[in-house]
Amino acid sequence: MTSTISVIRTVVRNNARQYGMVIALAIIVILFQMLTGGLLLRPLNITNLIMQNSYVLILAVGMMLVIITGHIDLSVGSVVAFVGAVSAIMLTGWGLPMPVVVPLALVLGALIGAWQGFWIAYVRIPAFIVTLAGMLIFRGATMVVLGGESLSPLPASLRTLASGFIPDVADVGIHLLTMAGAVAAAAVLVWLQWRSRARNLRYDLPVASSQLATAQSVATVAVVLVFAYALAVYNGLPVVGLLLIVLIVGYSFVMNTTTAGRHIYAVGGSEKAAMLSGVKTQRTTFWVFVNMGVLSALAGLVFTARLNAATPRAGTMFELDAIAAAFIGGASASGGVGTVIGAVVGALVMGVMNNGMSLIGLGVDWQQAIKGLVLLAAVGFDIYNKKRVGSGRSGRSAAAGPDTSPPTPGEEKPAESARAQTATPG
């Protein structure tokens, strides 16, 4: 019994940021549900939450990978605006169809990411400087492309991307495809949880008891199904919601189970140690920024479709929303730590706060101040946890000699982290 409690305490301590933000999200939802008189969790408002925050969720996933590698990207908001403007011109000015415009827009985003990734990974210019320059370049390019004016309206085929719904197989009062998709998504998430637990057991890393792991899986399934039911009784799953599910599940799989994901963590943990362990650190960093460019382009398509217009000021402050979501969701400012699910949780914290404060009539000035305090508290919590873990290890080393126990997830020593990431079977 004592050993089980000790393991649970260790697991909770090592994942305090992730668990803390999930609990904080639940508290925020309950608080605004009461303050808004039940409006927050109505099916219509939940659908609006997904649509309003879809582009932030897309950017947060890419930004999490960038921050894990120890970098930052300040250009994503300008890339969103630029790709949205170019896509609108291709649709309205050139008359190209959606199946052609979407791939071209994603390729444009990849080229932008490759351009910035080259300077960061191979020329070794700090990412802050390169992406700050990118923010200015692509904001100016957006104004040049649009001539300083907004371009609207846009074709219905593009608007469907941000405001359309998945059609159902039958009209029975509840959206069957939404519920079926929720069951599949919940099954994948549970599988990923147990796969991660099995991998930790294989390498003698501390894990929660089977009872606690089962409770976590049950909670995951319950949250997904309840959320899906709220959508199913309205119009079902939005098109952008399906897109988000594919991205979240896909990137979670890549980061948790593939060699590429482990290389990203290794580069962020210690680039020098990763290089000595055989990781091609420059190539990894380069492709992380290419990926960020592609996701920025996708967010640009979604935002432009939702706005039904391409404007020179589109995407303003989006980079800060994405960065805040990543840090609130558990990313570390020093790199090497973070999860895709954490980025989603962080984005939802920001989204629910924005929506809830708007519903109760709180001014934009107070909204900005409160979001800033939440971000500061999240990063402060990260630093506090590092100091606590560091002092705990120092005390243990002084009392018991060198620490020969296996490193815990997310807190590995740099050299050990890189070896573990590259030695694990793909």
# chains A, B, ... in the order shown; residues from 1 in each chain; ligands from 1

$ residues_around --residues "segment 233-236 of chain A" --least-positions-apart "6" --cutoff "12 Å" --atoms "only C-alpha atoms" --output "number ranges by chain"
A: 42-48, 50, 163-182, 226-227, 242

$ write_last_selection --atoms "N, CA and C atoms" --output "compact mmCIF listing (two decimals), in the first residue's frame"
# COMPACT_ATOMS: atom_id res chain seq x y z
N ARG A 42 -24.17 25.03 -23.07
CA ARG A 42 -25.25 24.73 -24.01
C ARG A 42 -24.67 24.26 -25.34
N PRO A 43 -25.33 23.33 -26.01
CA PRO A 43 -24.78 22.79 -27.27
C PRO A 43 -24.38 23.85 -28.28
N LEU A 44 -25.20 24.89 -28.43
CA LEU A 44 -24.87 25.95 -29.38
C LEU A 44 -23.58 26.64 -29.01
N ASN A 45 -23.39 26.93 -27.70
CA ASN A 45 -22.19 27.64 -27.28
C ASN A 45 -20.95 26.75 -27.38
N ILE A 46 -21.11 25.45 -27.12
CA ILE A 46 -19.98 24.53 -27.27
C ILE A 46 -19.52 24.49 -28.73
N THR A 47 -20.50 24.46 -29.64
CA THR A 47 -20.16 24.51 -31.06
C THR A 47 -19.43 25.80 -31.41
N ASN A 48 -19.91 26.92 -30.86
CA ASN A 48 -19.25 28.20 -31.10
C ASN A 48 -17.83 28.22 -30.53
N ILE A 50 -15.77 25.72 -30.32
CA ILE A 50 -14.89 24.99 -31.25
C ILE A 50 -14.55 25.86 -32.45
N SER A 163 -17.41 26.82 -41.00
CA SER A 163 -18.76 26.91 -40.43
C SER A 163 -19.68 25.77 -40.85
N GLY A 164 -19.17 24.81 -41.62
CA GLY A 164 -20.00 23.69 -42.05
C GLY A 164 -20.02 22.56 -41.02
N PHE A 165 -20.93 21.60 -41.22
CA PHE A 165 -21.08 20.46 -40.33
C PHE A 165 -21.00 19.16 -41.12
N ILE A 166 -20.54 18.12 -40.46
CA ILE A 166 -20.46 16.81 -41.08
C ILE A 166 -21.88 16.27 -41.30
N PRO A 167 -22.26 15.88 -42.51
CA PRO A 167 -23.62 15.33 -42.73
C PRO A 167 -23.78 13.99 -42.04
N ASP A 168 -25.00 13.70 -41.63
CA ASP A 168 -25.27 12.44 -40.92
C ASP A 168 -25.85 11.40 -41.87
N VAL A 169 -25.81 10.13 -41.42
CA VAL A 169 -26.33 9.04 -42.25
C VAL A 169 -27.84 8.92 -42.15
N ALA A 170 -28.42 9.39 -41.04
CA ALA A 170 -29.87 9.29 -40.84
C ALA A 170 -30.31 10.35 -39.84
N ASP A 171 -31.56 10.79 -39.96
CA ASP A 171 -32.11 11.80 -39.06
C ASP A 171 -32.90 11.10 -37.96
N VAL A 172 -32.25 10.88 -36.82
CA VAL A 172 -32.89 10.17 -35.70
C VAL A 172 -32.91 11.02 -34.43
N GLY A 173 -32.67 12.32 -34.57
CA GLY A 173 -32.69 13.20 -33.42
C GLY A 173 -31.34 13.39 -32.75
N ILE A 174 -30.36 12.60 -33.13
CA ILE A 174 -29.01 12.73 -32.60
C ILE A 174 -28.04 12.39 -33.73
N HIS A 175 -26.94 13.09 -33.79
CA HIS A 175 -26.00 12.92 -34.89
C HIS A 175 -25.18 11.65 -34.67
N LEU A 176 -25.48 10.62 -35.46
CA LEU A 176 -24.87 9.31 -35.24
C LEU A 176 -23.38 9.31 -35.57
N LEU A 177 -22.99 9.98 -36.64
CA LEU A 177 -21.58 9.98 -37.01
C LEU A 177 -20.72 10.69 -35.96
N THR A 178 -21.29 11.70 -35.32
CA THR A 178 -20.55 12.39 -34.26
C THR A 178 -20.27 11.44 -33.10
N MET A 179 -21.29 10.68 -32.69
CA MET A 179 -21.10 9.74 -31.58
C MET A 179 -20.15 8.61 -31.97
N ALA A 180 -20.25 8.13 -33.22
CA ALA A 180 -19.34 7.08 -33.66
C ALA A 180 -17.90 7.58 -33.69
N GLY A 181 -17.72 8.80 -34.17
CA GLY A 181 -16.38 9.37 -34.18
C GLY A 181 -15.83 9.58 -32.78
N ALA A 182 -16.72 9.95 -31.84
CA ALA A 182 -16.28 10.15 -30.46
C ALA A 182 -15.81 8.83 -29.84
N VAL A 226 -19.35 12.79 -23.38
CA VAL A 226 -20.25 13.86 -22.95
C VAL A 226 -20.13 15.06 -23.88
N PHE A 227 -18.89 15.40 -24.22
CA PHE A 227 -18.64 16.52 -25.14
C PHE A 227 -19.27 16.24 -26.50
N LEU A 242 -13.78 18.01 -36.91
CA LEU A 242 -13.19 16.77 -37.42
C LEU A 242 -11.71 16.99 -37.76

$ select_by_dssp --residues "segment 185-291 of chain A" --states "helix (DSSP H, G or I)" --output "JSON, numbers by chain"
{"A": [185, 186, 187, 188, 189, 190, 191, 192, 193, 194, 195, 196, 197, 198, 199, 200, 201, 202, 210, 211, 212, 213, 214, 215, 216, 217, 218, 219, 220, 221, 222, 223, 224, 225, 226, 227, 228, 229, 230, 231, 232, 239, 240, 241, 242, 243, 244, 245, 246, 247, 248, 249, 250, 251, 252, 253, 254, 255, 256, 257, 259, 260, 261, 262, 263, 264, 265, 266, 267, 268, 269, 271, 272, 273, 274, 275, 276, 281, 282, 283, 284, 285, 286, 287, 288, 289, 290, 291]}

$ closest_atom_pairs --of "segment 236-339 of chain A" --to "segment 193-212 of chain A" --cutoff "12 Å" --atoms "only C-alpha atoms" --output "CSV"
residue,atom,partner,partner_atom,distance
A:Val249,CA,A:Gln193,CA,11.9
A:Ser252,CA,A:Gln193,CA,10.3
A:Phe253,CA,A:Ser196,CA,10.3
A:Met255,CA,A:Ser196,CA,11.0
A:Asn256,CA,A:Ser196,CA,7.2
A:Thr257,CA,A:Ser196,CA,8.0
A:Thr258,CA,A:Ser196,CA,11.6

$ closest_residue --among "A:Leu307, A:Ala26, A:Ala297, A:Leu74" --to "Asp321 of chain A" --atoms "only C-alpha atoms"
A:Leu74

$ closest_atom_pairs --of "segment 55-91 of chain A" --to "segment 283-295 of chain A" --cutoff "7 Å" --atoms "only C-alpha atoms" --output "Markdown table"
| residue | atom | partner | partner_atom | distance |
| --- | --- | --- | --- | --- |
| A:Ile58 | CA | A:Leu295 | CA | 6.4 |
| A:Leu59 | CA | A:Leu295 | CA | 6.3 |
| A:Gly62 | CA | A:Met292 | CA | 5.0 |
| A:Met63 | CA | A:Met292 | CA | 6.8 |
| A:Leu65 | CA | A:Val288 | CA | 6.7 |
| A:Val66 | CA | A:Val288 | CA | 6.2 |

$ atom_distance --atom1 "atom CA of Gly356 of chain A" --atom2 "atom CA of Ala314 of chain A"
23.2 Å

$ residues_around --residues "Leu359 of chain A" --least-positions-apart "4" --cutoff "9 Å" --atoms "only C-alpha atoms" --output "ChimeraX atom specification"
/A:32,35-36,39-40,354-355

$ write_last_selection --atoms "N, CA and C atoms" --output "tab-separated table (two decimals), in the first residue's frame"
chain	number	residue	atom	x	y	z
A	32	PHE	N	-17.59	29.39	-14.81
A	32	PHE	CA	-18.32	30.19	-15.80
A	32	PHE	C	-19.69	29.58	-16.12
A	35	LEU	N	-21.61	31.28	-13.41
A	35	LEU	CA	-21.70	32.73	-13.60
A	35	LEU	C	-22.58	33.11	-14.78
A	36	THR	N	-22.62	32.25	-15.81
A	36	THR	CA	-23.42	32.55	-17.00
A	36	THR	C	-24.83	31.95	-16.93
A	39	LEU	N	-25.27	29.03	-19.57
A	39	LEU	CA	-25.10	29.30	-21.01
A	39	LEU	C	-23.84	28.66	-21.58
A	40	LEU	N	-22.80	28.56	-20.76
A	40	LEU	CA	-21.50	28.13	-21.28
A	40	LEU	C	-21.56	26.76	-21.93
A	354	ASN	N	-12.05	33.36	-22.50
A	354	ASN	CA	-12.52	34.42	-23.41
A	354	ASN	C	-14.03	34.37	-23.56
A	355	ASN	N	-14.56	33.17	-23.83
A	355	ASN	CA	-15.99	33.01	-24.04
A	355	ASN	C	-16.78	33.33	-22.78

$ closest_residue --among "A:Leu276, A:Met350, A:Val254, A:Leu31" --to "Gln368 of chain A" --atoms "only C-alpha atoms"
A:Met350

$ closest_residue --among "A:Gly261, A:Gly329, A:Gly84, A:Gly70" --to "Ala305 of chain A" --atoms "only C-alpha atoms"
A:Gly84

$ closest_residue --among "A:Thr214, A:Thr281, A:Ser296, A:Ser150" --to "Leu106 of chain A" --atoms "only C-alpha atoms"
A:Ser296

$ residues_around --residues "segment 374-381 of chain A" --least-positions-apart "5" --cutoff "7 Å" --atoms "only C-alpha atoms" --output "list in words"
Ala324, Phe327 and Ile328 of chain A

$ residues_around --residues "Ala299 of chain A" --least-positions-apart "5" --cutoff "12 Å" --atoms "only C-alpha atoms" --output "NGL selection string"
:A and (51-62 or 76-84 or 87 or 102 or 105-106 or 109 or 161-162 or 240 or 243-244 or 247 or 292-294 or 304-306 or 314-315 or 318-319 or 322)

$ atom_distance --atom1 "atom CA of Thr316 of chain A" --atom2 "atom CA of Met98 of chain A"
25.2 Å

$ closest_residue --among "A:Leu49, A:Val349, A:Ile137, A:Leu189" --to "Val223 of chain A" --atoms "only C-alpha atoms"
A:Leu189

$ atom_distance --atom1 "atom CA of Val101 of chain A" --atom2 "atom CA of Leu154 of chain A"
12.7 Å
